[in-house]
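Quick notes on the structure that follows.
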Amino acid sequence: MSGNTALDEINEAKANMDHIYDQPDPRAYFRELRKLEYAIPGVAKPIFQKLISKLRHQRNDTVHVLDLGCSYGVNAALLKHDLSMSELYDHWGEEVLAGIASEEVVASDLRYFSNLDEHADITMTGLDQAGSAISFAEESGLLNEGLAINLETELLPDEAMKNLALVDLVTSTGCVGYLTEKSFERLLPALTQGRSPWIGNFVLRMFPFDAIEETLKDWGYVTEKLGGQTFVQRDFASDEEQEQVLEQLCKRGIDPAGKESEGQLLAEFYLSRPAIEVAVSSIERLLAA
Ligand SMILES: C[S@@+](CC[C@H](N)C(=O)[O-])C[C@H]1O[C@@H](n2cnc3c(N)ncnc32)[C@H](O)[C@@H]1O
């Protein structure tokens, strides 16, 4: 994942889910994460919707979203089709999908999503190192474009540059920690070719965000953390995971009492925007309006 030893140690505190990230369809992902009540994409949705609505109003045009660590197109399903996490859990847990081949799931999902109402005024590009998950998201119609790439270890391909110039909003849920400042360093030259997009990351409290914030600052961004709010990511997978996470939080000087000590992993929301836009309206004002 990352060559950063401190981050590697924090990642080790968390249960390893790598085996469900790169399957040819999302059934295992949703089956396993349902057990842990994985919630962050649904919890993030109203905030992303508000940002999309602001951007649409400001730009009077289609809003182009880039979702980092997009997996099977989870945020795309929630934002483009207005689905909820519980609807996605039910959908991919349906009996008719059990036991059929992945190609049939893809074909059935293409029909399912194309029969749903779609917000035509957003496009979704997704980036993830998991090539099979990206293929699913593209073939089922959830993503307009998928980038199967690991920017921790690879450079951004030249052919991705042009479309990334159009991005208005970058989103991520459950992804920072796997992704570090290195990925942002490699994305920012492409993202800031035209109008610099807003960048909204939901980040587990145990992961530091300062290195990413510093990188973004070099490109003219100011980062604000939404004050006084935490967002449920999921239940702990075991007592051992909880113990290790509490230890990591304490090492970072974060008090887990009444928070992670209650049994859930919690995230915070960071929004990074060009300095001039932050000067006009704070994150709190932007999200309250
Ligand atoms: C916890 S999942 C979150 C997926 C999705 N955003 C959601 O909330 O349901 C983490 C995702 O990060 C992806 N990931 C891990 N390391 C990555 C990297 N270096 N570059 C891009 N994606 C990565 C994984 O493949 C996985 O899809």
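Naming works like this for the structure tokens: A, B, ... for the chains as they're shown, residue 1 at the start of each chain, ligands 1 onward in shown order.
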
Extract, using only C-alpha atoms, all DNA, RNA and protein residues at most 10 Å from stretch 146-160 of chain A, discarding same-chain residues fewer than 6 positions from it, and format them as an MDAnalysis selection string. chainID A and resid 1:3 66:71 73 124:139 178:187 189:190

Enumerate as a list in words all residues of stretch 115-206 of chain A assigned to strand (DSSP E) by DSSP on the backbone, naming them with the chain letters and numbers the document uses. Ile122, Thr123, Met124, Thr125, Gly126, Leu127, Asp128, Glu145, Gly146, Leu147, Ala148, Leu169, Val170, Thr171, Ser172, Thr173, Trp198, Ile199, Gly200, Asn201, Phe202, Val203 and Leu204 of chain A

Selected residues, C-alpha atoms, written as a CSV table (one decimal), in the first residue's frame, please.
```csv
chain,number,residue,atom,x,y,z
A,122,ILE,CA,-23.4,14.8,-13.1
A,123,THR,CA,-20.8,12.6,-14.6
A,124,MET,CA,-18.7,10.2,-12.5
A,125,THR,CA,-15.1,9.2,-13.1
A,126,GLY,CA,-13.7,6.7,-10.7
A,127,LEU,CA,-10.1,5.8,-9.8
A,128,ASP,CA,-9.1,2.7,-8.0
A,145,GLU,CA,-15.0,6.6,-17.0
A,146,GLY,CA,-12.8,4.3,-14.9
A,147,LEU,CA,-9.1,4.7,-14.2
A,148,ALA,CA,-7.6,1.5,-12.9
A,169,LEU,CA,-15.3,17.9,-7.5
A,170,VAL,CA,-13.0,15.2,-6.1
A,171,THR,CA,-14.6,12.8,-3.6
A,172,SER,CA,-13.4,10.0,-1.4
A,173,THR,CA,-14.8,7.7,1.2
A,198,TRP,CA,-13.1,21.2,-4.8
A,199,ILE,CA,-11.7,18.2,-3.0
A,200,GLY,CA,-13.8,16.5,-0.3
A,201,ASN,CA,-12.3,13.6,1.7
A,202,PHE,CA,-13.9,11.6,4.5
A,203,VAL,CA,-11.0,10.4,6.6
A,204,LEU,CA,-10.9,8.0,9.6
```

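For the residues A:Asn144, A:Ser196, A:Gln233, A:Ser261, ranking by smallest atom-to-atom distance to ligand 1 using only C-alpha atoms and all ligand atoms places A:Gln233 first.
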
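Here the question is which of A:Asp239, A:Leu265, A:Ala101, A:Asn163 gets nearest to ligand 1 using only C-alpha atoms and all ligand atoms, and that residue is A:Leu265.
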
For A:Gly93, list every protein, DNA or RNA residue within 8 Å, evaluated using only C-alpha atoms, and leave out those in the same chain fewer than 4 positions away; present the list as a ChimeraX atom specification. /A:27,30-31,89,97-98

With C-alpha atoms retained, write the just-selected residues as a PDB file, in the first residue's frame.
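Generated file (selection05.pdb):
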```pdb
ATOM      1  CA  ARG A  27     -21.496  -9.284  -4.140  1.00  0.00           C
ATOM      2  CA  PHE A  30     -21.502  -5.906   0.060  1.00  0.00           C
ATOM      3  CA  ARG A  31     -21.951  -9.244   1.841  1.00  0.00           C
ATOM      4  CA  TYR A  89     -27.072  -4.031   0.353  1.00  0.00           C
ATOM      5  CA  LEU A  97     -28.037 -12.870  -7.914  1.00  0.00           C
ATOM      6  CA  ALA A  98     -26.769 -15.689  -5.674  1.00  0.00           C
TER       7      ALA A  98
END
```

Can you list, as a ChimeraX atom specification, every residue of stretch 57-233 of chain A that DSSP puts in helix (DSSP H, G or I)? /A:57-59,74-80,85-93,95-97,102-114,131-139,158-164,181-191,210-218

Two-atom distance - atom CA of A:Val245, atom CA of A:Pro26 (Å): 26.8 Å

Record the distance separating atom 3 (C, counted along the ligand's line) of ligand 1 and atom CA of A:Gly174, expressed in Å with one decimal. 4.4 Å

Hey, what's within 9 Å of A:Gln248 if we count only C-alpha atoms and toss same-chain stuff fewer than 2 positions away? As a ChimeraX atom specification, please? /A:9-10,13,206-207,243-246,250-254

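By only C-alpha atoms, and with residues fewer than 5 positions from A:Lys45 along its chain excluded, the set lying at most 10 Å from it is Ile40, Lys50, Leu51, Asn75, Leu78, Leu79, Asp82, Leu83, Ser84, Met85 and Thr173 of chain A.
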
Please identify all polymer residues within 6 Å of stretch 104-119 of chain A, counting only C-alpha atoms, omitting same-chain residues fewer than 3 positions from it, and present them as a short mmCIF file (atom, residue, chain, number, x, y, z; two decimals) with N, CA and C atoms, in the first residue's frame.
```cif
data_model
loop_
_atom_site.label_atom_id
_atom_site.label_comp_id
_atom_site.auth_asym_id
_atom_site.auth_seq_id
_atom_site.Cartn_x
_atom_site.Cartn_y
_atom_site.Cartn_z
N LYS A 80 -25.55 9.26 -8.57
CA LYS A 80 -26.19 9.34 -9.89
C LYS A 80 -27.63 8.85 -9.85
N HIS A 81 -27.87 7.79 -9.04
CA HIS A 81 -29.20 7.17 -9.05
C HIS A 81 -29.99 7.41 -7.77
N ALA A 101 -23.11 -16.44 -12.52
CA ALA A 101 -21.75 -16.02 -12.90
C ALA A 101 -21.65 -14.50 -12.87
N SER A 140 -21.23 -1.88 -15.89
CA SER A 140 -22.60 -1.81 -15.37
C SER A 140 -23.18 -0.41 -15.58
N GLY A 141 -22.37 0.49 -16.10
CA GLY A 141 -22.86 1.84 -16.41
C GLY A 141 -22.79 2.80 -15.23
#
```

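Relative to atom CA of A:Ile283, atom CA of A:Gln49 is found at 14.3 Å.
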
Have a look at A:Val280, A:Val74, A:Leu88, A:Leu33 and name the one nearest to ligand 1; count only C-alpha atoms and all ligand atoms. A:Val74
